[in-house]
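Everything on this sheet refers to the single structure shown next.
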Amino acid sequence: MLVRGELITPPSDLFDPTVYNGLYTMHGTVMLFLFLFPMLSGLTNLLVPPMIGAPDMAFPKLNALAFWLVPVFSIILLLSFFVPGGPASSGWWSYPPISIQNPLGKMINGEMLWITAISLSGISSIMGAVNFVTTIIRMRAPGMGFFKMPIFIWTVLAAQLLQLLGLPALTGGAIMLFFDLSFGTSFFRIEGGGDPVLFQHFFWFYSHPAVYVMVLPVFGIFSELFPVYARKPLFGYKFVAVASFGITILSLVVWVHHMFYTGTPMWMRNLFMFTTMLIAVPTGVKVFAWIATLWGGNLRLSTPMLFCLGGLFNFIFGGITGVMLATVPVDIHVGNTYFVVAHFHYIIFNTIAFGIFAGIYHWFPKFTGRMFYEGLGKVHFALTFIGATLNWLPLHWAGLLGMPRRVASYDPEFAIWNVIASIGAFILGVASIPFILNMVSSWVRGKAAPPNPWKAIGLEWLLPSPPPHENFEDDIPTVLNEPYCYGLDKPFVQDEQFYIDKSFKKH
Amino acid sequence: MLSDNKSPTINHIPGHVKHDGHNMTGFIIFLCSESIIFFAFFVGYGILKVTAPVWYPEGIDGIAVKEPLINTVILVSSSFVIYFAEKSLHKKNLWGFRFIWFITMLMGSYFVYGQYIEWSELSFSLQSGVFGGMFYLLTGFHGLHVITGILLMGLMLYRSFLPNNYKGGEMGVESVSLFWHFVDVIWIILFVLIYLWQ
């Protein structure tokens, strides 16, 4: 909101431009590493064991360690506002040579704290990923073969494998950057014979897949929720499942599309333009599967479903601008303008955050044992959707007209789009009030939730709400079919009625 | 709770999954991920080596291969030695295991010592251009893994004296030995990249 507050008027009047540099670096880092990643890993941690019928994650202690690293690196990151020279201000990608300048010559500076925090967050994520992959491979309920797993589990597996493959590259790059900054090496220093573009390769090799790490579980949430609220089987279950891995593999070979104008050779540009567009295929498979699931379904427009629909709508839009950006000529034209900013906010907020909200509402009754207030939820959705659209839709135009990103002051001709965007940002800020109010008050005094309030199919819905400590304890259902057989008269697990009765009894 | 006669299914059989032996799976996944860091460094080394205008720091036109080669032979053969240690543990030959295991530790320590000698005799430092940085980064990062491996072996050796240590399987010994093989393979690649490709 502060960032948008600054941008409401053309000249830089709220803060100094240097502070603005620090602010957008921190905005990007905090939002990704301190909000979206922890939110998603929290959600997946909560959901994976009950959805596959495991008592807990495979390595609970490792999990706890990974979790407690989050406050540690958060504090390190936020401390950097108070060290001499201020926080890191080279953007969230931290490209050298800007990021290896150390004007004050102090050992502890904003950039160094930034790198430390990022490396710690990487270690924490790798621990989490080892845990998720082991849990999913080894601890599924009897009968739950890979093609009977919920799509959410498929997407978590795909996303965590991506973490394992991509994160070490970033960590390696960060270590080298750290050496350059603090110990005078010259990996990325031109004067010493190094190559600054190399860091960009390391960085984007992970950081583009990072978007898929975040978006894949959200695709999983969409795939879980649409069948429940449309009362229809998921269209093309196997294709949707396999498409997750298609995205994983392709996303490892698209990173150069962030570097089209850093002097990459033409063959590289063409190759990566092609792979980037190719990734639209598995994503398209998913989008069509969701639409086909909705088609002719008996839709129930409850809050989680509204967030899913809003997210899908925005995703289609953000996906189209994505394919536009993949084209080398277009990218070189609009690169580093607000068009890029608008595109990735459409994915990161309007799709991923919408999906997370949908997931929170959908599984809230399961894990708290209380129902939320539907009315407040709908208000939250309306405000969020209006705010998000107002905030980021106009920026497409500002970007196409050529407004550059990362500047505190801009040309007056872009003023109108920025005023609208700032209003949208403030509406978004207001939208969090009904959400927090809803969560807190319904957790404290909401109506008690039945084990399966949405009449959904899935192992987690066969548990009482909230689930007991060890989920199914020593009686794990044997899975017979994939969890999307709405109206098909195929039983989900053996002795289904027994487990349903049991889930009520414990209550 | 199963014999509850209110239950509609009378012949209900509770499903069971045994949850043990995940540690090895987790450890292998971790090693795969770990190898990517090395892979990133290797790729960085290769790219810098090919593109850098000045590779070796001034006054140096290569590094000696002889001593590192002795080191390499020792480290690589320790990988076979540790295999025999593991084998004698499988055969319940506890003292044989301890003895061969300890020899592996000695060989690893010799490697670290040789590395130390080499470092102290070199005329360039971390700050000497890309090569200096890369050399110390790669060998140092690998050296840290060797030291970690030796410490882990020490822990396993200590544990072998605890009563009932192998009741729950030999997972600790198995994973340390896997780690040692991993460190070895990395060294072979590193040796080829730094010492042979000059």
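FYI, nothing fancy with the structure tokens labels: chains A, B, ... in order, residues from 1 per chain, ligands from 1 as they appear.
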- Task: Compute the chain A side of the contact with chain B at 7 Å, counting only C-alpha atoms, and hand it back as JSON, numbers by chain.
- Result: {"A": [58, 130, 131, 134, 138, 139, 141, 142, 164, 165, 168, 169, 172, 184, 185, 186, 187, 192, 193, 194, 195, 474, 475, 476, 477, 478, 495, 498]}
List as a compact mmCIF listing (two decimals) with all heavy atoms, in the first residue's frame the protein and nucleic acid residues near Phe42 (chain B), meaning an atom at most 9 Å away when only C-alpha atoms are counted, but skip any in the same chain fewer than 6 places from it.
```
# COMPACT_ATOMS: atom_id res chain seq x y z
N LEU B 138 35.21 -24.56 -4.91
CA LEU B 138 34.90 -25.96 -5.19
C LEU B 138 35.61 -26.90 -4.21
O LEU B 138 34.98 -27.76 -3.59
CB LEU B 138 35.31 -26.32 -6.62
CG LEU B 138 34.36 -25.83 -7.71
CD1 LEU B 138 34.90 -26.18 -9.08
CD2 LEU B 138 32.99 -26.45 -7.54
N ILE B 189 34.63 -35.91 -10.39
CA ILE B 189 34.24 -34.89 -11.38
C ILE B 189 35.09 -33.63 -11.18
O ILE B 189 35.61 -33.02 -12.12
CB ILE B 189 32.75 -34.54 -11.24
CG1 ILE B 189 31.90 -35.81 -11.40
CG2 ILE B 189 32.33 -33.50 -12.26
CD1 ILE B 189 30.45 -35.60 -11.10
N LEU B 190 35.24 -33.25 -9.90
CA LEU B 190 35.99 -32.04 -9.56
C LEU B 190 37.44 -32.15 -10.02
O LEU B 190 38.00 -31.20 -10.58
CB LEU B 190 35.92 -31.91 -8.04
CG LEU B 190 35.94 -30.54 -7.40
CD1 LEU B 190 35.32 -30.66 -6.03
CD2 LEU B 190 37.34 -30.04 -7.27
N LEU B 193 37.64 -31.71 -13.70
CA LEU B 193 37.41 -30.33 -14.11
C LEU B 193 38.59 -29.42 -13.80
O LEU B 193 39.01 -28.62 -14.62
CB LEU B 193 36.15 -29.77 -13.43
CG LEU B 193 34.82 -30.13 -14.06
CD1 LEU B 193 33.70 -29.50 -13.26
CD2 LEU B 193 34.77 -29.65 -15.49
```
- Task: Just the residues within 12 Å of Phe161 (chain B), please, counting only C-alpha atoms, with nothing from its chain fewer than 3 positions along; format it as a list in words.
- Result: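 My list of contacting residues is Leu94, Trp95, Phe97, Arg98, Gly154, Leu155, Met156, Leu157, Tyr158, Asn164, Asn165 and Tyr166 of chain B.
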- Task: Give me, please, the distance in Å between CA of Ile423 (chain A) and CA of Gly387 (chain A), quoted to one decimal.
- Result: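 Separating CA of Ile423 (chain A) from CA of Gly387 (chain A) is a distance of 7.7 Å.
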- Message: So that I can see what lies close to Val81 (chain B), please list as a VMD selection string the residues with an atom at most 7 Å from it, counting only C-alpha atoms and leaving out residues fewer than 3 positions away in the same chain.
- Response: chain B and resid 77 to 78 84 to 85 100 104
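The spacing separating CA of Phe203 (chain A) from CA of Met268 (chain A) amounts to 17.0 Å.
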- Query: If you run DSSP on the backbone, which residues of region 341-440 of chain A are helix (DSSP H, G or I), as number ranges by chain?
  - Reply: A: 341-368, 374-400, 412-440
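Near Gly377 (chain A), within a cut-off of 10 Å and counting only C-alpha atoms, sit the residues Ser302, Thr303, Pro304, Leu306, Phe307, Phe357, Tyr361, Phe372, Tyr373, Glu374, His380, Phe381, Ala382, Pro434, Phe435, Leu437, Asn438 and Met439 of chain A, with same-chain residues fewer than 3 positions away left out.
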Filtering to C-alpha atoms, could you give me those residues as a CSV table (one decimal), in the first residue's frame?
```csv
chain,number,residue,atom,x,y,z
A,302,SER,CA,-20.3,-20.7,-1.9
A,303,THR,CA,-17.3,-18.6,-0.9
A,304,PRO,CA,-14.6,-21.2,-1.8
A,306,LEU,CA,-16.4,-18.0,-5.8
A,307,PHE,CA,-12.7,-17.6,-5.1
A,357,PHE,CA,-8.1,-18.1,0.0
A,361,TYR,CA,-12.3,-21.4,3.2
A,372,PHE,CA,-17.3,-19.8,8.8
A,373,TYR,CA,-19.8,-17.0,8.1
A,374,GLU,CA,-20.8,-17.3,4.5
A,380,HIS,CA,-14.4,-10.6,1.3
A,381,PHE,CA,-14.5,-12.1,-2.2
A,382,ALA,CA,-16.3,-9.1,-3.7
A,434,PRO,CA,-13.8,-9.1,6.7
A,435,PHE,CA,-11.4,-12.0,6.1
A,437,LEU,CA,-12.9,-10.9,11.2
A,438,ASN,CA,-14.5,-14.0,9.7
A,439,MET,CA,-11.6,-16.3,10.6
```
- Which of these residues is nearest to Tyr110 (chain B), using only C-alpha atoms: B:Thr148, B:Ser88, B:Ile70, B:His142? B:Ile70
Hey, what's within 8 Å of region 196-198 of chain B if we count only C-alpha atoms and toss same-chain stuff fewer than 2 positions away? As a PDB file with C-alpha atoms, in the first residue's frame, please?
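Just written: selection-v4.pdb:
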```pdb
ATOM      1  CA  GLY B  62      48.618 -24.347 -14.242  1.00  0.00           C
ATOM      2  CA  VAL B  65      48.614 -32.650 -10.540  1.00  0.00           C
ATOM      3  CA  PHE B 191      39.406 -33.556 -10.194  1.00  0.00           C
ATOM      4  CA  VAL B 192      38.692 -33.890 -13.884  1.00  0.00           C
ATOM      5  CA  LEU B 193      37.409 -30.326 -14.109  1.00  0.00           C
ATOM      6  CA  ILE B 194      40.109 -28.550 -12.142  1.00  0.00           C
TER       7      ILE B 194
END
```
Please provide as an mmCIF file with all heavy atoms, in the first residue's frame all residues within 12 Å of Lys66 (chain B), with the sequence filter that same-chain residues fewer than 2 positions apart are discarded (counting only C-alpha atoms).
```
data_model
loop_
_atom_site.group_PDB
_atom_site.id
_atom_site.type_symbol
_atom_site.label_atom_id
_atom_site.label_comp_id
_atom_site.auth_asym_id
_atom_site.auth_seq_id
_atom_site.Cartn_x
_atom_site.Cartn_y
_atom_site.Cartn_z
ATOM 1 N N ILE B 63 48.295 -25.846 -12.382
ATOM 2 C CA ILE B 63 48.570 -26.304 -11.027
ATOM 3 C C ILE B 63 49.081 -27.726 -11.074
ATOM 4 O O ILE B 63 48.775 -28.480 -11.995
ATOM 5 C CB ILE B 63 47.334 -26.205 -10.103
ATOM 6 C CG1 ILE B 63 46.061 -26.479 -10.902
ATOM 7 C CG2 ILE B 63 47.266 -24.880 -9.423
ATOM 8 C CD1 ILE B 63 44.849 -26.540 -10.062
ATOM 9 N N ALA B 64 49.833 -28.070 -10.036
ATOM 10 C CA ALA B 64 50.445 -29.394 -9.982
ATOM 11 C C ALA B 64 49.384 -30.468 -9.860
ATOM 12 O O ALA B 64 48.366 -30.280 -9.200
ATOM 13 C CB ALA B 64 51.399 -29.461 -8.793
ATOM 14 N N PRO B 68 47.706 -33.995 -5.775
ATOM 15 C CA PRO B 68 46.254 -34.230 -5.786
ATOM 16 C C PRO B 68 45.886 -35.603 -6.323
ATOM 17 O O PRO B 68 44.906 -36.184 -5.887
ATOM 18 C CB PRO B 68 45.721 -33.128 -6.703
ATOM 19 C CG PRO B 68 46.740 -32.068 -6.656
ATOM 20 C CD PRO B 68 48.050 -32.742 -6.450
ATOM 21 N N LEU B 69 46.700 -36.130 -7.246
ATOM 22 C CA LEU B 69 46.381 -37.439 -7.803
ATOM 23 C C LEU B 69 46.518 -38.522 -6.728
ATOM 24 O O LEU B 69 45.657 -39.404 -6.611
ATOM 25 C CB LEU B 69 47.304 -37.744 -8.982
ATOM 26 C CG LEU B 69 46.939 -39.012 -9.752
ATOM 27 C CD1 LEU B 69 45.588 -38.842 -10.427
ATOM 28 C CD2 LEU B 69 47.998 -39.334 -10.787
ATOM 29 N N ILE B 70 47.575 -38.405 -5.906
ATOM 30 C CA ILE B 70 47.732 -39.360 -4.793
ATOM 31 C C ILE B 70 46.519 -39.274 -3.876
ATOM 32 O O ILE B 70 45.917 -40.277 -3.480
ATOM 33 C CB ILE B 70 49.025 -39.047 -4.004
ATOM 34 C CG1 ILE B 70 50.225 -39.177 -4.941
ATOM 35 C CG2 ILE B 70 49.168 -39.971 -2.806
ATOM 36 C CD1 ILE B 70 51.515 -38.685 -4.323
ATOM 37 N N ASN B 71 46.140 -38.035 -3.571
ATOM 38 C CA ASN B 71 44.953 -37.790 -2.757
ATOM 39 C C ASN B 71 43.724 -38.457 -3.347
ATOM 40 O O ASN B 71 42.938 -39.092 -2.644
ATOM 41 C CB ASN B 71 44.714 -36.275 -2.706
ATOM 42 C CG ASN B 71 44.878 -35.751 -1.311
ATOM 43 O OD1 ASN B 71 44.923 -36.537 -0.367
ATOM 44 N ND2 ASN B 71 44.982 -34.440 -1.183
ATOM 45 N N THR B 72 43.573 -38.299 -4.651
ATOM 46 C CA THR B 72 42.406 -38.849 -5.340
ATOM 47 C C THR B 72 42.380 -40.366 -5.205
ATOM 48 O O THR B 72 41.330 -40.941 -4.879
ATOM 49 C CB THR B 72 42.460 -38.473 -6.832
ATOM 50 O OG1 THR B 72 42.643 -37.076 -6.931
ATOM 51 C CG2 THR B 72 41.189 -38.873 -7.530
ATOM 52 N N VAL B 73 43.545 -40.977 -5.438
ATOM 53 C CA VAL B 73 43.596 -42.442 -5.359
ATOM 54 C C VAL B 73 43.171 -42.891 -3.971
ATOM 55 O O VAL B 73 42.377 -43.834 -3.812
ATOM 56 C CB VAL B 73 45.019 -42.934 -5.710
ATOM 57 C CG1 VAL B 73 45.152 -44.409 -5.408
ATOM 58 C CG2 VAL B 73 45.325 -42.645 -7.163
ATOM 59 N N GLY B 114 46.078 -33.723 3.051
ATOM 60 C CA GLY B 114 46.708 -33.435 1.766
ATOM 61 C C GLY B 114 46.163 -32.154 1.151
ATOM 62 O O GLY B 114 46.908 -31.332 0.607
ATOM 63 N N GLU B 118 48.186 -28.753 0.220
ATOM 64 C CA GLU B 118 48.114 -28.147 -1.103
ATOM 65 C C GLU B 118 47.718 -26.679 -1.015
ATOM 66 O O GLU B 118 48.335 -25.819 -1.625
ATOM 67 C CB GLU B 118 47.118 -28.925 -1.975
ATOM 68 C CG GLU B 118 47.293 -28.597 -3.452
ATOM 69 C CD GLU B 118 46.098 -28.974 -4.281
ATOM 70 O OE1 GLU B 118 45.216 -29.702 -3.774
ATOM 71 O OE2 GLU B 118 46.027 -28.522 -5.436
ATOM 72 N N PHE B 191 38.010 -33.329 -9.813
ATOM 73 C CA PHE B 191 39.406 -33.556 -10.194
ATOM 74 C C PHE B 191 39.565 -33.398 -11.706
ATOM 75 O O PHE B 191 40.488 -32.728 -12.180
ATOM 76 C CB PHE B 191 39.821 -34.957 -9.737
ATOM 77 C CG PHE B 191 41.270 -35.254 -9.984
ATOM 78 C CD1 PHE B 191 42.246 -34.710 -9.162
ATOM 79 C CD2 PHE B 191 41.655 -36.061 -11.034
ATOM 80 C CE1 PHE B 191 43.576 -34.977 -9.389
ATOM 81 C CE2 PHE B 191 42.989 -36.325 -11.271
ATOM 82 C CZ PHE B 191 43.955 -35.779 -10.442
ATOM 83 N N TYR B 195 41.857 -30.253 -12.339
ATOM 84 C CA TYR B 195 43.261 -30.630 -12.507
ATOM 85 C C TYR B 195 43.557 -31.157 -13.901
ATOM 86 O O TYR B 195 44.613 -30.902 -14.450
ATOM 87 C CB TYR B 195 43.651 -31.672 -11.458
ATOM 88 C CG TYR B 195 43.605 -31.121 -10.066
ATOM 89 C CD1 TYR B 195 42.461 -31.274 -9.291
ATOM 90 C CD2 TYR B 195 44.684 -30.433 -9.535
ATOM 91 C CE1 TYR B 195 42.411 -30.759 -8.005
ATOM 92 C CE2 TYR B 195 44.640 -29.919 -8.258
ATOM 93 C CZ TYR B 195 43.499 -30.080 -7.499
ATOM 94 O OH TYR B 195 43.442 -29.565 -6.247
ATOM 95 N N LEU B 196 42.633 -31.929 -14.462
ATOM 96 C CA LEU B 196 42.946 -32.522 -15.757
ATOM 97 C C LEU B 196 42.637 -31.579 -16.916
ATOM 98 O O LEU B 196 43.329 -31.573 -17.919
ATOM 99 C CB LEU B 196 42.184 -33.840 -15.931
ATOM 100 C CG LEU B 196 42.531 -34.920 -14.896
ATOM 101 C CD1 LEU B 196 41.864 -36.226 -15.248
ATOM 102 C CD2 LEU B 196 44.044 -35.120 -14.813
#
```
